[in-house]
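K.L.:
One file is attached below, target32.csv, containing CSV, C-alpha atoms.
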chain,number,residue,atom,x,y,z
Y,860,GLN,CA,110.5,89.6,103.2
Y,861,LYS,CA,112.2,91.6,100.5
Y,862,GLU,CA,115.6,90.4,99.4
Y,863,VAL,CA,117.3,93.7,100.2
Y,864,GLU,CA,115.8,96.2,102.7
Y,865,GLN,CA,116.7,99.8,103.5
Y,866,ASN,CA,115.0,102.5,105.6
Y,867,SER,CA,113.5,104.8,103.0
Y,868,GLY,CA,114.2,107.9,105.1
Y,869,PRO,CA,114.5,110.7,104.7
Y,870,LEU,CA,117.6,110.7,107.0
Y,871,SER,CA,118.5,114.2,107.9
Y,872,VAL,CA,121.9,115.1,109.3
Y,873,PRO,CA,123.6,118.5,109.9
Y,874,GLU,CA,126.6,119.4,107.8
Y,875,GLY,CA,129.8,118.0,109.2
Y,876,ALA,CA,128.1,115.1,111.0
Y,877,ILE,CA,128.4,111.4,110.3
Y,878,ALA,CA,125.6,109.9,108.2
Y,879,SER,CA,124.9,106.2,108.8
Y,880,LEU,CA,123.0,104.3,106.1
Y,881,ASN,CA,121.9,100.7,106.8
Y,882,CYS,CA,121.0,97.7,104.6
Y,883,THR,CA,119.9,94.2,105.4
Y,884,TYR,CA,119.7,91.2,103.0
Y,885,SER,CA,118.0,87.9,103.1
Y,886,ASP,CA,120.2,85.6,101.0
Y,887,ARG,CA,122.9,84.3,103.3
Y,888,GLY,CA,124.9,83.1,100.3
Y,889,SER,CA,125.4,86.6,99.0
Y,890,GLN,CA,129.0,87.5,98.5
Y,891,SER,CA,129.3,91.0,97.1
Y,892,PHE,CA,127.7,94.2,98.3
Y,893,PHE,CA,127.6,97.6,96.6
Y,894,TRP,CA,126.6,101.1,97.5
Y,895,TYR,CA,125.3,103.5,94.8
Y,896,ARG,CA,124.5,107.2,95.0
Y,897,GLN,CA,121.6,108.6,93.0
Y,898,TYR,CA,120.9,112.3,92.7
Y,899,SER,CA,117.4,113.3,91.8
Y,900,GLY,CA,116.7,112.7,88.2
Y,901,LYS,CA,120.0,111.1,87.5
Y,902,SER,CA,121.3,107.6,87.2
Y,903,PRO,CA,123.0,105.6,90.0
Y,904,GLU,CA,126.7,105.8,90.4
Y,905,LEU,CA,128.9,103.4,92.2
Y,906,ILE,CA,130.4,104.6,95.5
Y,907,MET,CA,131.9,101.5,97.0
Y,908,PHE,CA,131.8,97.7,97.1
Y,909,ILE,CA,132.8,95.3,99.8
Y,910,TYR,CA,133.2,91.5,99.9
Y,911,SER,CA,134.8,90.7,103.3
Y,912,ASN,CA,133.6,91.1,106.8
Y,913,GLY,CA,134.7,94.3,108.4
Y,914,ASP,CA,135.3,97.8,107.2
Y,915,LYS,CA,136.5,99.3,104.0
Y,916,GLU,CA,137.4,102.9,103.7
Y,917,ASP,CA,137.6,105.2,100.7
Y,918,GLY,CA,138.0,108.9,101.5
Y,919,ARG,CA,135.0,110.1,103.6
Y,920,PHE,CA,133.1,106.8,102.9
Y,921,THR,CA,133.3,103.6,105.0
Y,922,ALA,CA,131.5,100.5,104.1
Y,923,GLN,CA,130.9,97.9,106.8
Y,924,LEU,CA,129.9,94.3,106.3
Y,925,ASN,CA,128.7,91.7,108.8
Y,926,LYS,CA,127.7,88.5,107.0
Y,927,ALA,CA,126.6,86.7,110.2
Y,928,SER,CA,124.0,89.4,110.8
Y,929,GLN,CA,123.4,89.9,107.0
Y,930,TYR,CA,124.0,93.6,107.4
Y,931,VAL,CA,125.9,96.1,105.4
Y,932,SER,CA,126.2,99.8,106.2
Y,933,LEU,CA,127.7,103.0,104.7
Y,934,LEU,CA,129.1,105.7,106.8
Y,935,ILE,CA,129.7,109.2,105.4
Y,936,ARG,CA,132.0,111.3,107.5
Y,937,ASP,CA,132.0,115.1,107.4
Y,938,SER,CA,128.7,115.1,105.5
Y,939,GLN,CA,128.3,117.9,103.0
Y,940,PRO,CA,125.1,119.3,101.4
Y,941,SER,CA,126.4,117.8,98.1
Y,942,ASP,CA,126.0,114.3,99.7
Y,943,SER,CA,122.2,114.8,99.7
Y,944,ALA,CA,121.0,112.0,97.5
Y,945,THR,CA,119.4,108.6,97.6
Y,946,TYR,CA,121.7,105.8,98.5
Y,947,LEU,CA,121.0,102.4,97.0
Y,948,CYS,CA,122.3,99.2,98.5
Y,949,ALA,CA,122.8,96.4,96.0
Y,950,VAL,CA,123.7,92.7,96.5
Y,951,LYS,CA,125.1,90.5,93.7
Y,952,ARG,CA,122.8,87.6,93.3
Y,953,ASP,CA,124.8,85.1,91.3
Y,954,ASN,CA,127.8,84.7,89.2
Y,955,TYR,CA,126.1,83.7,85.9
Y,956,GLY,CA,124.5,86.9,85.0
Y,957,GLN,CA,126.2,89.1,87.6
Y,958,ASN,CA,122.8,90.3,88.6
Y,959,PHE,CA,122.4,92.8,91.3
Y,960,VAL,CA,119.4,93.1,93.6
Y,961,PHE,CA,118.8,96.6,94.7
Y,962,GLY,CA,117.2,97.9,97.9
Y,963,PRO,CA,114.6,100.7,97.6
Y,964,GLY,CA,117.2,103.3,98.7
Y,965,THR,CA,117.5,105.7,101.6
Y,966,ARG,CA,117.1,109.4,101.0
Y,967,LEU,CA,119.8,111.4,102.7
Y,968,SER,CA,119.4,115.1,103.4
Y,969,VAL,CA,122.5,117.0,104.7
Y,970,LEU,CA,121.4,120.3,106.2
Y,971,PRO,CA,123.7,123.4,105.9
I,265,ASN,CA,134.3,107.9,76.4
I,266,ALA,CA,130.5,107.8,76.3
I,267,GLY,CA,130.0,104.8,78.5
I,268,VAL,CA,126.3,103.7,78.3
I,269,THR,CA,124.1,105.6,75.9
I,270,GLN,CA,120.3,105.3,76.1
I,271,THR,CA,117.7,106.7,73.8
I,272,PRO,CA,115.3,108.3,74.0
I,273,LYS,CA,115.5,110.3,77.3
I,274,PHE,CA,111.8,110.9,77.4
I,275,GLN,CA,108.8,109.3,75.8
I,276,VAL,CA,105.0,109.5,76.1
I,277,LEU,CA,103.0,106.6,74.7
I,278,LYS,CA,99.3,105.9,74.4
I,279,THR,CA,98.1,102.6,75.8
I,280,GLY,CA,98.6,99.9,73.2
I,281,GLN,CA,101.4,101.6,71.3
I,282,SER,CA,104.8,99.9,70.9
I,283,MET,CA,108.3,101.3,71.2
I,284,THR,CA,111.9,100.2,71.5
I,285,LEU,CA,114.3,101.6,74.0
I,286,GLN,CA,117.9,101.6,72.7
I,287,CYS,CA,121.0,101.0,74.7
I,288,ALA,CA,124.6,100.9,73.6
I,289,GLN,CA,127.9,100.7,75.5
I,290,ASP,CA,131.4,101.3,74.3
I,291,MET,CA,133.3,99.7,77.1
I,292,ASN,CA,133.5,96.2,75.6
I,293,HIS,CA,131.4,94.8,78.5
I,294,ASN,CA,130.0,91.3,78.2
I,295,SER,CA,126.9,91.8,80.4
I,296,MET,CA,124.0,94.2,79.9
I,297,TYR,CA,120.9,94.8,81.8
I,298,TRP,CA,117.5,96.6,81.7
I,299,TYR,CA,116.0,97.8,85.0
I,300,ARG,CA,113.0,99.8,85.8
I,301,GLN,CA,112.8,102.2,88.7
I,302,ASP,CA,109.5,103.0,90.5
I,303,PRO,CA,109.0,105.1,93.6
I,304,GLY,CA,109.4,103.0,96.7
I,305,MET,CA,110.3,99.9,94.7
I,306,GLY,CA,113.9,100.5,93.9
I,307,LEU,CA,115.5,99.1,90.7
I,308,ARG,CA,113.9,95.9,89.4
I,309,LEU,CA,115.5,93.8,86.8
I,310,ILE,CA,113.5,93.3,83.6
I,311,TYR,CA,115.9,91.3,81.4
I,312,TYR,CA,119.6,90.8,81.2
I,313,SER,CA,122.2,89.4,78.8
I,314,ALA,CA,125.2,87.7,80.4
I,315,SER,CA,127.0,87.7,77.1
I,316,GLU,CA,126.5,88.3,73.4
I,317,GLY,CA,123.9,85.9,72.0
I,318,THR,CA,122.1,85.2,75.3
I,319,THR,CA,119.2,86.8,77.1
I,320,ASP,CA,117.4,85.9,80.3
I,321,LYS,CA,114.4,87.0,82.2
I,322,GLY,CA,114.7,89.0,85.4
I,323,GLU,CA,112.3,89.8,88.1
I,324,VAL,CA,109.6,91.7,86.1
I,325,PRO,CA,109.8,90.5,82.4
I,326,ASN,CA,106.1,90.5,81.5
I,327,GLY,CA,105.2,92.9,78.8
I,328,TYR,CA,108.8,93.3,77.6
I,329,ASN,CA,111.1,91.7,75.0
I,330,VAL,CA,114.8,92.2,74.5
I,331,SER,CA,117.4,91.8,71.8
I,332,ARG,CA,121.1,91.6,72.2
I,333,LEU,CA,121.9,92.8,68.7
I,334,ASN,CA,125.7,92.6,69.2
I,335,LYS,CA,128.1,93.0,72.0
I,336,ARG,CA,127.5,96.8,72.1
I,337,GLU,CA,123.7,97.0,71.9
I,338,PHE,CA,120.9,95.7,74.0
I,339,SER,CA,117.4,96.9,73.2
I,340,LEU,CA,114.1,96.7,75.2
I,341,ARG,CA,110.8,96.5,73.4
I,342,LEU,CA,107.3,97.2,74.7
I,343,GLU,CA,104.9,95.5,72.3
I,344,SER,CA,101.7,96.9,73.7
I,345,ALA,CA,102.3,99.6,76.3
I,346,ALA,CA,100.2,99.7,79.4
I,347,PRO,CA,99.9,102.4,82.1
I,348,SER,CA,101.6,100.0,84.6
I,349,GLN,CA,104.8,100.4,82.4
I,350,THR,CA,105.1,104.1,83.3
I,351,SER,CA,108.5,104.2,84.9
I,352,VAL,CA,112.1,105.2,84.5
I,353,TYR,CA,114.1,102.7,82.6
I,354,PHE,CA,117.8,102.2,83.1
I,355,CYS,CA,120.2,100.3,80.9
I,356,ALA,CA,123.4,99.1,82.6
I,357,SER,CA,126.5,97.2,81.6
I,358,LYS,CA,129.2,95.3,83.5
I,359,GLY,CA,132.6,94.1,82.6
I,360,ILE,CA,135.3,92.4,84.7
I,361,SER,CA,135.5,95.2,87.2
I,362,GLN,CA,133.0,95.5,89.9
I,363,GLY,CA,129.7,97.4,89.7
I,364,TYR,CA,127.4,98.4,86.9
I,365,THR,CA,127.8,101.4,84.7
I,366,PHE,CA,124.3,102.9,84.1
I,367,GLY,CA,122.9,104.9,81.2
I,368,SER,CA,121.2,108.2,81.9
I,369,GLY,CA,117.7,106.7,81.9
I,370,THR,CA,114.5,106.9,79.9
I,371,ARG,CA,111.5,108.4,81.5
I,372,LEU,CA,108.4,106.7,80.0
I,373,THR,CA,104.8,107.7,80.5
I,374,VAL,CA,102.0,105.6,79.2
I,375,VAL,CA,98.6,107.4,79.1
What is this file in structure tokens?
P.N.:
Amino acid sequence: QKEVEQNSGPLSVPEGAIASLNCTYSDRGSQSFFWYRQYSGKSPELIMFIYSNGDKEDGRFTAQLNKASQYVSLLIRDSQPSDSATYLCAVKRDNYGQNFVFGPGTRLSVLP
Amino acid sequence: NAGVTQTPKFQVLKTGQSMTLQCAQDMNHNSMYWYRQDPGMGLRLIYYSASEGTTDKGEVPNGYNVSRLNKREFSLRLESAAPSQTSVYFCASKGISQGYTFGSGTRLTVV
């Protein structure tokens, strides 16, 4: 079992819809969870992070965390074509090196 | 504010050649990282440096060496390049705040 798993997609949603991206992780001791967006040919950029169970909202983005189920998700409301990208889930592995383990990413396509 | 600067952006090597990928950050971050990204594999950690003067192996260190030259610079060296090292390489840094800042990447092809 991979440490961080994501559906590779592509996930296609119509413009204006809610896109739901999911991530599961295997290390029950993981504390911090991150979502990165990566446009084709570009480097990843941080969208959101979450530590506590529940929801965290930032504009059109909502991160949801359920530690009991070892599940983290990202919701994108009012999806726009400019949201079309690969979304990477990352889990902070330990405090020494602040290492992140990344999932393979989910490719999102928002259709006009 | 440049953030994390990586050079070169593109490189083609012949099998057995060596090269060094350079990375520098101007954010006074303590921790720096080298990842490689391959299709379907996500980002995999090669080496990291938790602070100036320290380096540690990540998930896929074989075939690579690193040097944390000072707080700003963290280089990655391929001593004898192999086709399996064809990948996109990202340098990243992290300070007290959450999340990494990534460089723009180096696209390396080994033929």
K.L.:
Of the residues I:Asn334, I:Ser344, I:Ser295, I:Thr350, which is the one nearest to chain Y, using only C-alpha atoms?
P.N.:
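Of I:Asn334, I:Ser344, I:Ser295, I:Thr350, the one nearest chain Y is I:Ser295, counting only C-alpha atoms.
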K.L.:
Which chain I residues are at most 7 Å from chain Y (counting only C-alpha atoms), as a list of chain:residue names?
P.N.:
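So the residues of chain I near chain Y are I:Gly304, I:Met305, I:Gly306, I:Leu307, I:Ala314, I:Gly363, I:Phe366, I:Gly367, I:Ser368, I:Gly369.
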K.L.:
Using only C-alpha atoms, which of the listed residues (Y:Gln897, Y:Ser938, Y:Thr883, Y:Ser968) sits closest to Leu870 in chain Y?
P.N.:
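Under the stated criterion, the closest residue is Y:Ser968.
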K.L.:
Step by step: start from the point (114.3, 111.9, 76.8) in the file's coordinates, keep every protein, DNA or RNA residue that has an atom no farther than 10 Å from it, count only C-alpha atoms, and write the set as a PyMOL selection string.
P.N.:
chain I and resi 270-276+368-372
K.L.:
Could you state the separation of CA of Leu924 in chain Y and CA of Val872 in chain Y in Å, given to one decimal place?
P.N.:
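Separating CA of Leu924 in chain Y from CA of Val872 in chain Y is a distance of 22.5 Å.
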K.L.:
Quick one: distance from CA of Trp298 in chain I to CA of Arg336 in chain I in Å, one decimal?
P.N.:
13.9 Å
K.L.:
What is the CA of Tyr297 in chain I-CA of Ser941 in chain Y distance in Å, reported with one decimal?
P.N.:
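Atom-to-atom, CA of Tyr297 in chain I and CA of Ser941 in chain Y are spaced 28.7 Å apart.
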K.L.:
What's around Asn925 in chain Y at 8 Å? Count only C-alpha atoms, leave out sequence neighbours fewer than 5 positions away in its own chain, and write the answer as a ChimeraX atom specification.
P.N.:
/Y:912-913,930-931
K.L.:
Compare I:Val352, I:Ser282, I:Asp290, I:Lys358 by their minimum atom-to-atom distance to Gly327 in chain I, counting only C-alpha atoms, and give me the closest one.
P.N.:
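Closest residue, counting only C-alpha atoms: I:Ser282.
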K.L.:
Fewer than 6 positions away in the same chain doesn't count, so skip those; otherwise give me all residues within 7 Å of range 888-890 of chain Y, counting all atoms listed in the file, as a compact mmCIF listing (two decimals) with C-alpha atoms, in the frame of the given file.
P.N.:
# COMPACT_ATOMS: atom_id res chain seq x y z
CA TYR Y 910 133.20 91.50 99.90
CA VAL Y 950 123.70 92.70 96.50
CA LYS Y 951 125.10 90.50 93.70
CA ARG Y 952 122.80 87.60 93.30
K.L.:
Between I:Met283, I:Pro303, I:Gln289, I:Gly322, which one has atoms that come closest to Thr945 in chain Y, using all atoms listed in the file?
P.N.:
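Of I:Met283, I:Pro303, I:Gln289, I:Gly322, the one nearest Thr945 in chain Y, counting all atoms listed in the file, is I:Pro303.
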K.L.:
With only C-alpha atoms as the counted atoms, please give the residues lying no more than 8 Å from Leu880 in chain Y, apart from itself and same-chain residues fewer than 2 positions off, as a PyMOL selection string.
P.N.:
chain Y and resi 878+882+932-934+946+965
K.L.:
Go through I:Glu343, I:Glu337, I:Glu316, I:Ser348 and flag the residue nearest Gln286 in chain I, using all atoms listed in the file for the distances.
P.N.:
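Comparing I:Glu343, I:Glu337, I:Glu316, I:Ser348 against Gln286 in chain I, the winner is I:Glu337.
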